[in-house]
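Q: The file below is query27.tsv, TSV, C-alpha atoms:
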```
chain	number	residue	atom	x	y	z
A	1	MET	CA	-21.01	7.99	27.21
A	2	THR	CA	-20.51	4.42	28.27
A	3	ASN	CA	-17.35	2.36	28.20
A	4	SER	CA	-18.64	0.46	25.18
A	5	HIS	CA	-18.98	3.73	23.25
A	6	LEU	CA	-15.42	4.66	24.12
A	7	LEU	CA	-14.11	1.23	23.14
A	8	PHE	CA	-15.96	1.37	19.84
A	9	GLY	CA	-14.54	4.84	19.20
A	10	LEU	CA	-11.00	3.65	19.90
A	11	PHE	CA	-11.50	0.62	17.68
A	12	PHE	CA	-12.86	2.81	14.88
A	13	LEU	CA	-9.90	5.21	15.17
A	14	GLN	CA	-7.44	2.33	15.03
A	15	VAL	CA	-9.08	0.87	11.92
A	16	ALA	CA	-9.23	4.28	10.25
A	17	GLY	CA	-5.57	4.94	11.08
A	18	THR	CA	-4.52	1.57	9.70
A	19	LEU	CA	-6.42	2.14	6.46
A	20	LEU	CA	-5.00	5.64	6.13
A	21	ALA	CA	-1.45	4.39	6.65
A	22	ALA	CA	-1.96	1.63	4.07
A	23	GLY	CA	-3.33	4.17	1.60
A	24	ILE	CA	-0.39	6.51	2.13
A	25	ARG	CA	2.07	3.65	1.56
A	26	ALA	CA	0.22	2.60	-1.60
A	27	VAL	CA	0.29	6.13	-3.03
A	28	ALA	CA	3.97	6.54	-2.19
A	29	THR	CA	4.74	3.25	-3.92
A	30	LEU	CA	2.77	4.22	-7.03
A	31	LEU	CA	4.54	7.58	-7.23
A	32	THR	CA	7.92	5.88	-6.90
A	33	VAL	CA	7.12	3.40	-9.66
A	34	ARG	CA	5.77	6.17	-11.87
A	35	ARG	CA	8.96	8.18	-11.39
A	36	ALA	CA	11.07	5.13	-12.23
A	37	LEU	CA	9.04	4.41	-15.36
A	38	ARG	CA	9.11	7.97	-16.65
A	39	GLY	CA	12.69	8.04	-17.93
A	40	ALA	CA	13.19	4.33	-18.50
A	41	ARG	CA	13.75	2.57	-21.80
A	42	PRO	CA	11.09	0.06	-22.90
A	43	ARG	CA	13.17	-2.92	-21.77
A	44	ASP	CA	13.79	-1.30	-18.39
A	45	ARG	CA	10.09	-0.48	-18.06
A	46	ALA	CA	9.19	-4.12	-18.58
A	47	ALA	CA	11.72	-5.17	-15.93
A	48	ILE	CA	10.38	-2.60	-13.45
A	49	LEU	CA	6.78	-3.72	-13.99
A	50	ARG	CA	7.78	-7.39	-13.61
A	51	SER	CA	9.50	-6.55	-10.32
A	52	VAL	CA	6.45	-4.67	-9.06
A	53	ALA	CA	4.19	-7.59	-10.03
A	54	ARG	CA	6.51	-10.08	-8.30
A	55	ILE	CA	6.62	-8.02	-5.10
A	56	THR	CA	2.83	-7.51	-5.14
A	57	LEU	CA	2.21	-11.24	-5.53
A	58	ALA	CA	4.69	-12.05	-2.76
A	59	LEU	CA	2.97	-9.62	-0.39
A	60	HIS	CA	-0.43	-11.04	-1.28
A	61	ASP	CA	0.76	-14.61	-0.65
A	62	ARG	CA	2.29	-13.59	2.67
A	63	ARG	CA	-1.02	-12.15	3.89
A	64	GLU	CA	-2.99	-15.33	3.21
```
Go ahead and render the structure in this file as C-alpha cells.

A:
Amino acid sequence: MTNSHLLFGLFFLQVAGTLLAAGIRAVATLLTVRRALRGARPRDRAAILRSVARITLALHDRRE
C-alpha cells in the first residue's frame, strides 16, 4: 500500500463519518419534531412546523 492509498482511505473515512453524523442528527431532529407534533393541538402543530421551516431555511442560508 502506498501513502496515496492511505491518504485516500483516511479521506474516505472522514467523509463517511461526516455523512453518518449528519444523518444521525437529521433523524434525531425528525424524531423530536414528530414527538412534539403527536400530542399538539392544530394551532400548536402549525407553530411547530413554522419554527422548523424557519430554522431549516436559516441553516441553509448560513451554509451558502

Q: In Å, with one decimal, what is the gap from atom CA of A:Asp44 to atom CA of A:Thr32?

A: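 For atom CA of A:Asp44 relative to atom CA of A:Thr32, the distance reads 14.8 Å.
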
Q: Would you compute, for all listed atoms of stretch 25-29 of chain A, the axis-aligned bounding box grown by 6 Å on each side, and then report its centre and edge lengths in Å rounded to one decimal, as JSON?

A:
```
{"center_x": 2.5, "center_y": 4.6, "center_z": -1.2, "size_x": 16.5, "size_y": 15.9, "size_z": 17.5}
```

Q: Calculate how many Å separate atom CA of A:Ile24 from atom CA of A:Ala53, rounding to one decimal.

A: 19.2 Å

Q: Expressed in Å to a single decimal, how great is the separation between atom CA of A:Arg38 and atom CA of A:Ser51?

A: 15.8 Å
